[in-house]
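Participant: Okay, so here is work-v9.cif, and as you'll see once you scroll down, it has mmCIF, C-alpha atoms.
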data_my_file
loop_
_atom_site.label_atom_id
_atom_site.label_comp_id
_atom_site.auth_asym_id
_atom_site.auth_seq_id
_atom_site.Cartn_x
_atom_site.Cartn_y
_atom_site.Cartn_z
CA MET A 1 226.29 196.61 165.34
CA LYS A 2 228.79 197.31 168.11
CA LYS A 3 227.77 199.50 171.05
CA TYR A 4 229.52 202.77 171.78
CA LYS A 5 232.87 202.29 173.55
CA MET A 6 234.78 204.90 175.51
CA ILE A 7 238.17 205.21 173.80
CA THR A 8 241.15 205.26 176.19
CA TYR A 9 244.61 206.66 175.64
CA ALA A 10 245.92 203.10 175.23
CA ASP A 11 243.35 202.60 172.45
CA ARG A 12 244.54 205.81 170.78
CA ILE A 13 248.15 204.62 170.76
CA LYS A 14 247.00 201.40 169.10
CA ILE A 15 244.96 203.37 166.57
CA GLU A 16 248.04 205.47 165.81
CA VAL A 17 250.17 202.39 165.11
CA LEU A 18 247.54 200.68 162.95
CA TYR A 19 246.46 203.73 160.97
CA ASN A 20 249.97 204.86 160.22
CA LYS A 21 250.73 201.33 158.97
CA GLY A 22 247.91 201.66 156.46
CA TYR A 23 245.08 199.77 158.18
CA LYS A 24 241.56 200.75 157.12
CA PRO A 25 239.10 202.19 159.67
CA GLU A 26 237.00 198.99 159.49
CA GLU A 27 240.03 196.88 160.38
CA ILE A 28 241.00 199.19 163.26
CA ALA A 29 237.46 199.05 164.66
CA GLU A 30 237.54 195.25 164.58
CA ASP A 31 240.96 195.11 166.21
CA ILE A 32 240.15 197.32 169.22
CA ASP A 33 236.50 196.12 169.46
CA ALA A 34 234.92 199.52 168.84
CA SER A 35 232.20 200.75 166.51
CA LEU A 36 233.18 202.18 163.14
CA SER A 37 231.66 205.56 164.04
CA ASN A 38 233.96 205.66 167.09
CA ILE A 39 236.99 205.21 164.90
CA TYR A 40 235.96 207.89 162.41
CA LYS A 41 235.46 210.36 165.28
CA GLU A 42 238.88 209.49 166.68
CA LEU A 43 240.60 209.86 163.34
CA LYS A 44 238.95 213.25 162.84
CA ALA A 45 240.22 214.40 166.24
CA GLY A 46 243.80 213.13 165.84
CA ILE A 47 244.57 213.62 162.16
CA TYR A 48 247.48 215.88 161.22
CA TYR A 49 249.73 216.25 158.17
CA LYS A 50 253.47 215.63 158.20
CA ARG A 51 255.93 216.25 155.39
CA LYS A 52 257.48 213.16 153.82
CA GLY A 53 259.91 214.16 151.08
CA ASP A 54 258.16 216.47 148.63
CA ARG A 55 254.64 215.75 149.80
CA GLU A 56 252.42 215.93 152.90
CA VAL A 57 251.19 212.66 154.36
CA LYS A 58 248.04 212.32 156.50
CA SER A 59 248.80 210.71 159.88
CA TYR A 60 247.11 210.13 163.20
CA SER A 61 248.50 211.24 166.57
CA ALA A 62 247.30 209.64 169.80
CA TYR A 63 248.68 212.64 171.70
CA ILE A 64 246.72 215.21 169.65
CA ALA A 65 243.50 213.17 170.00
CA GLU A 66 244.00 212.82 173.76
CA GLU A 67 244.60 216.57 174.17
CA LYS A 68 241.37 217.37 172.29
CA HIS A 69 239.48 214.81 174.39
CA ASN A 70 240.73 216.33 177.67
CA PHE A 71 239.94 219.87 176.48
CA ASN A 72 236.38 218.94 175.51
CA LYS A 73 235.91 217.13 178.81
CA SER A 74 236.97 220.23 180.76
CA ASN A 75 234.31 222.28 178.98
CA ARG A 76 231.36 220.04 179.72
CA GLY A 77 230.35 222.13 182.70
CA PRO A 78 229.86 221.12 186.34
CA GLY A 79 228.33 217.85 187.36
CA LEU A 80 224.89 217.52 188.93
CA LYS A 81 224.63 219.94 191.85
CA ILE A 82 222.19 217.78 193.74
CA ALA A 83 224.75 214.96 193.88
CA ASN A 84 226.55 217.03 196.55
CA ASP A 85 223.56 217.07 198.92
CA ILE A 86 221.65 213.83 199.43
CA ASN A 87 219.48 215.51 202.10
CA LEU A 88 218.17 217.99 199.54
CA ALA A 89 217.40 215.17 197.10
CA ASN A 90 215.48 213.27 199.81
CA PHE A 91 213.62 216.44 200.83
CA ILE A 92 212.51 217.20 197.27
CA GLU A 93 211.42 213.60 196.75
CA LYS A 94 209.37 213.54 199.97
CA GLN A 95 207.70 216.89 199.30
CA ILE A 96 206.57 215.89 195.81
CA CYS A 97 205.74 212.21 196.40
CA ASP A 98 204.24 212.42 199.90
CA GLU A 99 203.21 216.06 200.40
CA LYS A 100 202.08 216.43 196.75
CA LEU A 101 203.83 219.75 196.20
CA SER A 102 204.95 220.86 192.77
CA PRO A 103 208.70 221.42 192.10
CA GLU A 104 208.02 225.15 192.09
CA ALA A 105 206.28 224.99 195.47
CA VAL A 106 209.15 222.99 196.98
CA LEU A 107 211.69 225.66 196.00
CA LEU A 108 209.41 228.42 197.31
CA LYS A 109 209.06 226.56 200.61
CA ILE A 110 212.84 226.42 200.99
CA LYS A 111 213.19 230.08 199.97
CA ARG A 112 210.64 231.28 202.52
CA ASN A 113 212.19 229.29 205.40
CA PRO A 114 216.00 229.42 204.95
CA GLN A 115 216.63 228.89 208.66
CA LYS A 116 214.46 225.79 208.82
CA TYR A 117 215.53 224.23 205.52
CA LYS A 118 219.32 224.44 205.32
CA PHE A 119 221.05 222.60 202.48
CA ASN A 120 224.55 222.64 201.01
CA VAL A 121 223.23 223.15 197.49
CA THR A 122 220.90 225.84 196.14
CA ILE A 123 218.56 225.10 193.25
CA LYS A 124 217.03 228.25 191.76
CA SER A 125 214.90 226.91 188.90
CA ASN A 126 212.09 224.36 189.06
CA ASN A 127 213.17 223.33 185.53
CA THR A 128 216.29 221.89 187.15
CA ILE A 129 214.11 219.53 189.21
CA TYR A 130 212.15 218.53 186.10
CA SER A 131 215.48 217.79 184.42
CA TYR A 132 216.63 215.63 187.35
CA ILE A 133 213.36 213.69 187.23
CA ASP A 134 213.76 213.05 183.50
CA LYS A 135 217.36 211.90 184.08
CA LYS A 136 216.09 209.51 186.79
CA ILE A 137 218.35 211.04 189.45
CA PHE A 138 215.88 210.38 192.28
CA LEU A 139 215.34 206.98 193.84
CA ASN A 140 211.53 206.95 193.64
CA LEU A 141 210.40 210.28 192.16
CA GLU A 142 209.07 210.01 188.61
CA ARG A 143 206.91 212.09 186.27
CA LYS A 144 203.80 210.28 187.46
CA HIS A 145 204.27 211.82 190.93
CA LEU A 146 204.01 215.39 189.60
CA PRO A 147 200.69 217.05 190.47
CA VAL A 148 200.14 218.44 186.98
CA ALA A 149 201.72 217.34 183.73
CA ARG A 150 203.66 220.09 181.98
CA LYS A 151 201.66 221.40 179.08
CA LYS A 152 202.92 222.58 175.74
CA LYS A 153 202.37 226.24 175.02
CA THR A 154 199.38 226.77 172.77
CA LYS A 155 197.96 229.81 171.09
CA ARG A 156 195.43 231.56 173.25
CA LYS A 157 191.93 231.27 171.92
CA SER A 158 189.66 234.28 171.84
CA ILE A 159 187.16 234.37 174.68
CA VAL A 160 183.60 233.68 173.59
CA ILE A 161 180.99 235.86 175.30
CA HIS A 162 177.80 233.87 175.81
CA ARG A 163 174.69 235.92 175.21
CA LYS A 164 172.31 233.79 177.27
CA PRO A 165 171.81 235.64 180.59
CA PRO A 166 172.40 233.48 183.67
CA GLU A 167 169.92 233.29 186.53
CA GLY A 168 170.12 236.18 188.97
CA TYR A 169 172.78 238.84 188.53
CA SER A 170 175.21 238.24 185.69
CA ILE A 171 178.95 238.64 186.21
CA GLU A 172 178.67 241.57 183.82
CA LYS A 173 176.90 243.52 186.60
CA ARG A 174 179.63 242.87 189.14
CA ASP A 175 181.17 245.99 190.69
CA GLU A 176 184.29 247.31 189.01
CA CYS A 177 186.29 246.84 192.21
CA VAL A 178 185.67 243.08 191.91
CA ASP A 179 186.48 242.83 188.22
CA ILE A 180 189.80 244.66 188.10
CA LYS A 181 192.79 242.44 187.45
CA GLU A 182 194.76 243.62 190.50
CA ARG A 183 192.01 242.42 192.90
CA ILE A 184 192.55 245.24 195.36
CA GLU A 185 189.41 244.77 197.46
CA PHE A 186 189.16 241.88 199.92
CA GLY A 187 185.98 239.88 200.53
CA HIS A 188 184.90 238.73 197.08
CA PHE A 189 184.71 234.97 196.59
CA GLU A 190 184.32 232.45 193.80
CA GLY A 191 182.24 229.32 194.41
CA ASP A 192 181.84 225.86 192.91
CA THR A 193 181.31 222.24 193.95
CA VAL A 194 183.51 219.18 193.48
CA VAL A 195 181.21 216.19 193.08
CA SER A 196 181.52 212.56 194.14
CA GLY A 197 181.71 209.53 191.87
CA GLY A 198 180.14 206.11 191.85
CA GLY A 199 176.54 207.33 192.26
CA ASP A 200 177.30 209.14 195.53
CA LYS A 201 175.27 212.39 195.80
CA SER A 202 177.60 214.19 198.25
CA ALA A 203 180.02 216.95 197.23
CA ILE A 204 182.47 219.55 198.51
CA LEU A 205 181.52 223.22 198.33
CA VAL A 206 184.68 225.12 197.34
CA LEU A 207 184.94 228.85 198.14
CA THR A 208 187.97 230.90 197.14
CA GLU A 209 188.60 234.50 198.22
CA ARG A 210 189.74 236.26 195.04
CA LYS A 211 192.42 238.58 196.44
CA THR A 212 194.22 236.15 198.76
CA ARG A 213 193.12 232.87 197.07
CA PHE A 214 192.21 231.60 200.55
CA PRO A 215 190.09 228.41 200.36
CA ILE A 216 187.11 227.27 202.39
CA PHE A 217 185.88 223.68 201.89
CA LEU A 218 182.48 222.56 203.17
CA LYS A 219 181.09 219.04 202.84
CA LEU A 220 177.58 218.72 201.39
CA LYS A 221 175.38 215.67 201.99
CA ARG A 222 173.77 216.28 198.62
CA ASN A 223 174.76 218.56 195.75
CA THR A 224 171.57 220.67 195.93
CA THR A 225 170.61 224.31 196.43
CA GLU A 226 169.13 223.48 199.85
CA GLU A 227 172.39 221.91 201.03
CA VAL A 228 174.44 224.84 199.73
CA ALA A 229 172.18 227.25 201.63
CA ARG A 230 172.53 225.15 204.82
CA ALA A 231 176.33 225.18 204.43
CA PHE A 232 176.31 228.99 204.34
CA ASP A 233 173.97 229.02 207.35
CA ARG A 234 176.57 227.04 209.30
CA LEU A 235 179.35 229.31 208.08
CA GLU A 236 177.42 232.46 208.98
CA ARG A 237 176.67 231.06 212.44
CA SER A 238 180.29 230.04 213.14
CA PHE A 239 181.76 233.36 211.91
CA GLY A 240 179.29 235.48 213.83
CA GLY A 241 179.45 239.20 213.12
CA SER A 242 182.75 238.80 211.26
CA PHE A 243 180.95 236.97 208.46
CA TYR A 244 179.56 240.16 206.91
CA LYS A 245 182.98 241.84 206.92
CA ILE A 246 184.61 238.88 205.17
CA PHE A 247 181.91 237.90 202.65
CA LYS A 248 180.85 240.70 200.31
CA SER A 249 180.06 238.78 197.13
CA ILE A 250 180.32 235.31 195.60
CA THR A 251 180.51 234.44 191.91
CA PHE A 252 179.12 230.99 191.09
CA ASP A 253 178.94 228.97 187.92
CA ASN A 254 175.58 227.97 186.45
CA GLY A 255 175.32 224.61 188.21
CA SER A 256 171.87 223.51 189.35
CA GLU A 257 173.05 223.58 192.99
CA PHE A 258 173.29 227.40 192.81
CA LYS A 259 170.02 228.12 190.98
CA GLY A 260 168.00 229.17 194.03
CA TYR A 261 170.05 232.26 194.70
CA GLU A 262 167.44 233.94 196.92
CA GLY A 263 167.72 231.15 199.52
CA ILE A 264 171.52 231.22 199.41
CA GLU A 265 171.73 235.02 199.66
CA LYS A 266 169.26 235.44 202.51
CA ALA A 267 170.93 236.12 205.86
CA LYS A 268 170.00 234.13 209.00
CA ARG A 269 171.44 236.42 211.66
CA ARG A 270 170.29 239.78 210.29
CA LYS A 271 167.68 241.22 207.93
CA GLY A 272 168.33 241.28 204.23
CA ILE A 273 171.09 239.42 202.39
CA ARG A 274 174.39 238.10 203.74
CA PHE A 275 176.32 238.71 200.47
CA LYS A 276 175.71 239.48 196.83
CA ILE A 277 175.61 236.59 194.31
CA TYR A 278 176.76 236.81 190.69
CA TYR A 279 176.77 234.13 188.01
CA ALA A 280 179.52 233.53 185.47
CA HIS A 281 178.68 232.95 181.83
CA PRO A 282 177.91 229.32 180.89
CA SER A 283 180.95 227.24 179.93
CA SER A 284 183.35 229.97 181.10
CA PRO A 285 185.59 228.49 183.82
CA HIS A 286 188.20 231.20 183.14
CA GLU A 287 185.85 233.66 184.85
CA ARG A 288 186.41 231.76 188.10
CA GLY A 289 190.05 230.82 187.56
CA SER A 290 191.10 230.89 191.22
CA ASN A 291 188.30 228.50 192.15
CA GLU A 292 189.18 226.11 189.33
CA ASN A 293 192.77 226.06 190.57
CA ASN A 294 191.68 225.11 194.09
CA ASN A 295 189.46 222.39 192.61
CA ARG A 296 192.59 220.89 191.06
CA PHE A 297 194.27 220.94 194.48
CA ILE A 298 191.42 218.81 195.82
CA ARG A 299 191.77 216.32 192.99
CA ARG A 300 195.42 215.72 193.93
CA TRP A 301 194.18 214.02 197.09
CA PHE A 302 190.71 212.90 196.00
CA PRO A 303 190.76 211.88 192.31
CA LYS A 304 187.62 211.64 190.23
CA GLY A 305 185.47 208.74 191.39
CA THR A 306 186.01 209.44 195.11
CA LYS A 307 182.88 209.04 197.25
CA PHE A 308 182.89 212.03 199.61
CA LYS A 309 180.32 210.45 201.90
CA ASP A 310 183.16 208.18 203.07
CA VAL A 311 185.51 211.12 203.69
CA LEU A 312 185.44 212.54 207.22
CA ASN A 313 184.88 216.27 207.76
CA LYS A 314 188.18 216.31 209.64
CA ARG A 315 189.98 215.08 206.54
CA ILE A 316 188.38 217.79 204.40
CA PHE A 317 189.42 220.43 206.95
CA GLU A 318 193.01 219.10 206.86
CA LEU A 319 192.94 219.38 203.08
CA GLN A 320 191.76 222.98 203.36
CA GLN A 321 194.67 223.69 205.71
CA TRP A 322 197.11 222.11 203.22
CA VAL A 323 195.82 224.23 200.33
CA SER A 324 195.77 227.43 202.42
CA GLU A 325 199.42 226.91 203.44
CA TYR A 326 200.64 225.95 199.95
CA PRO A 327 203.54 228.22 198.80
CA ARG A 328 202.39 230.46 195.94
CA LYS A 329 204.67 231.92 193.29
CA MET A 330 202.34 234.90 192.75
CA PHE A 331 202.90 235.82 196.42
CA ASP A 332 206.68 235.25 196.32
CA GLY A 333 206.39 232.01 198.26
CA ARG A 334 203.87 233.22 200.82
CA SER A 335 200.68 231.24 201.24
CA SER A 336 197.06 232.34 200.81
CA LYS A 337 196.67 231.90 204.57
CA ASP A 338 199.44 234.45 205.19
CA LEU A 339 197.64 237.05 203.09
CA PHE A 340 194.23 236.17 204.53
CA LEU A 341 195.56 236.72 208.06
CA ASP A 342 196.89 240.14 207.00
CA GLU A 343 193.43 241.10 205.76
CA LEU A 344 191.78 239.93 209.00
CA ILE A 345 194.23 242.01 211.00
CA ASN A 346 193.24 245.05 208.92
CA LEU A 347 189.60 244.30 209.78
CA ASN A 348 190.38 243.75 213.50
CA ILE A 349 189.16 240.15 213.30
CA ASN A 350 190.71 237.44 215.47
CA PHE A 351 191.50 234.52 213.17
CA SER A 352 191.77 232.03 216.04
CA LYS A 353 188.08 232.54 216.83
CA LEU A 354 187.00 231.59 213.30
CA ALA A 355 186.23 227.94 212.58
CA ILE A 356 188.45 227.80 209.49
#
Step by step, read the file and then write its structure as structure tokens.
Facilitator:
Amino acid sequence: MKKYKMITYADRIKIEVLYNKGYKPEEIAEDIDASLSNIYKELKAGIYYKRKGDREVKSYSAYIAEEKHNFNKSNRGPGLKIANDINLANFIEKQICDEKLSPEAVLLKIKRNPQKYKFNVTIKSNNTIYSYIDKKIFLNLERKHLPVARKKKTKRKSIVIHRKPPEGYSIEKRDECVDIKERIEFGHFEGDTVVSGGGDKSAILVLTERKTRFPIFLKLKRNTTEEVARAFDRLERSFGGSFYKIFKSITFDNGSEFKGYEGIEKAKRRKGIRFKIYYAHPSSPHERGSNENNNRFIRRWFPKGTKFKDVLNKRIFELQQWVSEYPRKMFDGRSSKDLFLDELINLNINFSKLAI
């Protein structure tokens, strides 16, 4: 079976001569070394009827076929925009492959810093980048470099309310100001741990402020309640008096590392508790969606199986900085750090004095 061949005007003239002499499409295809489907398409484009005596005779015109070909070609739309700016193509490739940004985050980064990132071409939709990747436009960038595979839309399942009460205060008893969708009040966090692999007992404590989505990552020697409490002791000590303005409540999952809530809640620098603890329902990660999202950020750099005991605290802090400065669509390209700084300014807290 012959491969598809681009028919030229010279081919069309030859088709005109052969067809009008009575050659069959199969014979024409053999003569000009084209597939039979090519010839049928050409004949359909160039066929016309001319009068011969008392009857109309079907003929083929190379000119008519060429005119239709040129018209269709002019309506194909513009070529690839990115082909006009190799610097933009290289920038997108570097940001996704090396910096591990998503296509959406790359476009938001450009949008938020037009003076810093100047390109000849403007791409408005992240779907355009996905399309370029699928068309293999980039030199190295492929689907495997994307942080998250695109998922098919599925019907939303009804949320199952688990009746078993969690230890301590249930999420159902959380103040209304924390629960509302708009997240107006600052200072309410979600908490979880990302665990090591390969038998390593260490972990990363992940805290996410609900309003700004600002992350705080703390390395734990062991994934236990005692280590979680010690991590908050360090955080309370380093934040000083600002700690109690920033941390009002934390919602944990039902992991064993959070079971001893009295030890985690108890303040070290004042009497009473340092914040209020709530527990989500079992098997309900959607109740701590912001935290789950930041967990996925961590897995971009440290996939499952990573032994965190071998990861330096400095590296974990750098990862926290990367996540906090990640462009967010929900904030019109601003980062969680930008919003967190705004909240600290409202509280008259100097960010530079905080060890985060």
Participant: Using only C-alpha atoms, pick whichever of A:Gln115, A:Ser290, A:Asn120, A:Ser102 has the shortest atom-to-atom distance to Ile86 (chain A).
Facilitator: A:Asn120
Participant: The PyMOL selection byres ((chain A and resi 136-138) around 10) - which residues does that actually catch in the file I just gave you? List them as number ranges by chain.
Facilitator: A: 80, 82-83, 86, 89-90, 92-93, 129-135, 139-143
Participant: What's the separation between CA of Gly22 (chain A) and CA of Asn72 (chain A), in Å to one decimal place?
Facilitator: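 Atom-to-atom, CA of Gly22 (chain A) to CA of Asn72 (chain A), that is 28.2 Å.
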Participant: Which value, in Å to one decimal, gives the distance between CA of Gly263 (chain A) and CA of Ala229 (chain A)?
Facilitator: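 Atom-to-atom, CA of Gly263 (chain A) to CA of Ala229 (chain A), that is 6.3 Å.
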Participant: Excluding Phe243 (chain A) and any residue of its chain fewer than 2 positions from it, enumerate the residues within 12 Å of it, using all atoms listed in the file, and give them as an MDAnalysis selection string.
Facilitator: chainID A and resid 187 232:241 245:249 267:270 273:275 344 347 349 351 353:356
Participant: Put those residues in a file: C-alpha atoms, as a PDB file, in the coordinates of the input.
Facilitator:
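Ended up saving to selection_8.pdb:
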ATOM      1  CA  GLY A 187     185.980 239.880 200.530  1.00  0.00           C
ATOM      2  CA  PHE A 232     176.310 228.990 204.340  1.00  0.00           C
ATOM      3  CA  ASP A 233     173.970 229.020 207.350  1.00  0.00           C
ATOM      4  CA  ARG A 234     176.570 227.040 209.300  1.00  0.00           C
ATOM      5  CA  LEU A 235     179.350 229.310 208.080  1.00  0.00           C
ATOM      6  CA  GLU A 236     177.420 232.460 208.980  1.00  0.00           C
ATOM      7  CA  ARG A 237     176.670 231.060 212.440  1.00  0.00           C
ATOM      8  CA  SER A 238     180.290 230.040 213.140  1.00  0.00           C
ATOM      9  CA  PHE A 239     181.760 233.360 211.910  1.00  0.00           C
ATOM     10  CA  GLY A 240     179.290 235.480 213.830  1.00  0.00           C
ATOM     11  CA  GLY A 241     179.450 239.200 213.120  1.00  0.00           C
ATOM     12  CA  LYS A 245     182.980 241.840 206.920  1.00  0.00           C
ATOM     13  CA  ILE A 246     184.610 238.880 205.170  1.00  0.00           C
ATOM     14  CA  PHE A 247     181.910 237.900 202.650  1.00  0.00           C
ATOM     15  CA  LYS A 248     180.850 240.700 200.310  1.00  0.00           C
ATOM     16  CA  SER A 249     180.060 238.780 197.130  1.00  0.00           C
ATOM     17  CA  ALA A 267     170.930 236.120 205.860  1.00  0.00           C
ATOM     18  CA  LYS A 268     170.000 234.130 209.000  1.00  0.00           C
ATOM     19  CA  ARG A 269     171.440 236.420 211.660  1.00  0.00           C
ATOM     20  CA  ARG A 270     170.290 239.780 210.290  1.00  0.00           C
ATOM     21  CA  ILE A 273     171.090 239.420 202.390  1.00  0.00           C
ATOM     22  CA  ARG A 274     174.390 238.100 203.740  1.00  0.00           C
ATOM     23  CA  PHE A 275     176.320 238.710 200.470  1.00  0.00           C
ATOM     24  CA  LEU A 344     191.780 239.930 209.000  1.00  0.00           C
ATOM     25  CA  LEU A 347     189.600 244.300 209.780  1.00  0.00           C
ATOM     26  CA  ILE A 349     189.160 240.150 213.300  1.00  0.00           C
ATOM     27  CA  PHE A 351     191.500 234.520 213.170  1.00  0.00           C
ATOM     28  CA  LYS A 353     188.080 232.540 216.830  1.00  0.00           C
ATOM     29  CA  LEU A 354     187.000 231.590 213.300  1.00  0.00           C
ATOM     30  CA  ALA A 355     186.230 227.940 212.580  1.00  0.00           C
ATOM     31  CA  ILE A 356     188.450 227.800 209.490  1.00  0.00           C
TER      32      ILE A 356
END
Participant: Residues of region 176-213 of chain A that have any atom at most 8 Å from an atom of region 292-306 of chain A: could you tabulate them with the shortest-distance atom pair and the distance in Å to one decimal, using all atoms listed in the file, ordered by chain and increasing number, as a tab-separated table?
Facilitator:
residue	atom	partner	partner_atom	distance
A:Val194	CA	A:Asn295	CA	6.8
A:Ser196	CA	A:Thr306	CA	5.6
A:Gly197	CA	A:Gly305	CA	3.9
A:Gly198	CA	A:Gly305	CA	6.0
A:Val206	CA	A:Asn295	CA	7.3
A:Thr208	CA	A:Asn294	CA	7.5
Participant: List the spatial neighbours of region 39-45 of chain A as an NGL selection string - criterion: any atom at most 8 Å away, only C-alpha atoms, same-chain residues fewer than 3 positions off excluded.
Facilitator: :A and (12 or 25 or 28-29 or 34-36 or 60 or 64-65 or 68)
Participant: Could you tell me which residues the PyMOL selection byres ((chain A and resi 7) around 10) returns for this structure, as a list in words?
Facilitator: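 The output of the PyMOL selection byres ((chain A and resi 7) around 10) on this file is Tyr4, Lys5, Met6, Thr8, Tyr9, Ala10, Asp11, Arg12, Ile32, Ala34, Asn38, Ile39, Glu42, Glu66 and His69 of chain A.
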Participant: Might you pull out every residue within 8 Å of Phe186 (chain A), with only C-alpha atoms counted and same-chain residues fewer than 2 positions away left off, and present them as a ChimeraX atom specification?
Facilitator: /A:183-184,188,209-212,246,343
Participant: Keeping C-alpha atoms, export the residues of the selection given above as a PDB file, in the frame of the given file.
Facilitator:
ATOM      1  CA  ARG A 183     192.010 242.420 192.900  1.00  0.00           C
ATOM      2  CA  ILE A 184     192.550 245.240 195.360  1.00  0.00           C
ATOM      3  CA  HIS A 188     184.900 238.730 197.080  1.00  0.00           C
ATOM      4  CA  GLU A 209     188.600 234.500 198.220  1.00  0.00           C
ATOM      5  CA  ARG A 210     189.740 236.260 195.040  1.00  0.00           C
ATOM      6  CA  LYS A 211     192.420 238.580 196.440  1.00  0.00           C
ATOM      7  CA  THR A 212     194.220 236.150 198.760  1.00  0.00           C
ATOM      8  CA  ILE A 246     184.610 238.880 205.170  1.00  0.00           C
ATOM      9  CA  GLU A 343     193.430 241.100 205.760  1.00  0.00           C
TER      10      GLU A 343
END
Participant: Report, in Å with one decimal, the straight-line distance from CA of Lys100 (chain A) to CA of Arg315 (chain A).
Facilitator: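 Those two atoms sit 15.6 Å apart.
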Participant: Which polymer residues have any atom within 9 Å of an atom of Ile13 (chain A), counting only C-alpha atoms, with same-chain residues fewer than 5 positions away left out, as a PyMOL selection string?
Facilitator: chain A and resi 8+18+61-63
Participant: Store the residues of this selection in a file with C-alpha atoms, as a CSV table (one decimal), in the frame of the given file.
Facilitator:
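Result written to part32.csv:
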chain,number,residue,atom,x,y,z
A,8,THR,CA,241.2,205.3,176.2
A,18,LEU,CA,247.5,200.7,163.0
A,61,SER,CA,248.5,211.2,166.6
A,62,ALA,CA,247.3,209.6,169.8
A,63,TYR,CA,248.7,212.6,171.7
Participant: Have a look at A:Glu190, A:Glu227, A:Glu16, A:Glu27 and name the one nearest to Pro285 (chain A); count all atoms listed in the file.
Facilitator: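 Counting all atoms listed in the file, the residue closest to Pro285 (chain A) is A:Glu190.
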Participant: Can you pull out every residue within 10 Å of Lys111 (chain A), counting only C-alpha atoms, but drop anything in the same chain fewer than 4 positions away, and send it as a list in words?
Facilitator: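 After dropping sequence-adjacent residues, the list is Ala105, Val106, Leu107, Gln115, Lys116, Tyr117, Lys118, Thr122, Ile123, Lys124, Pro327, Asp332, Gly333 and Arg334 of chain A.
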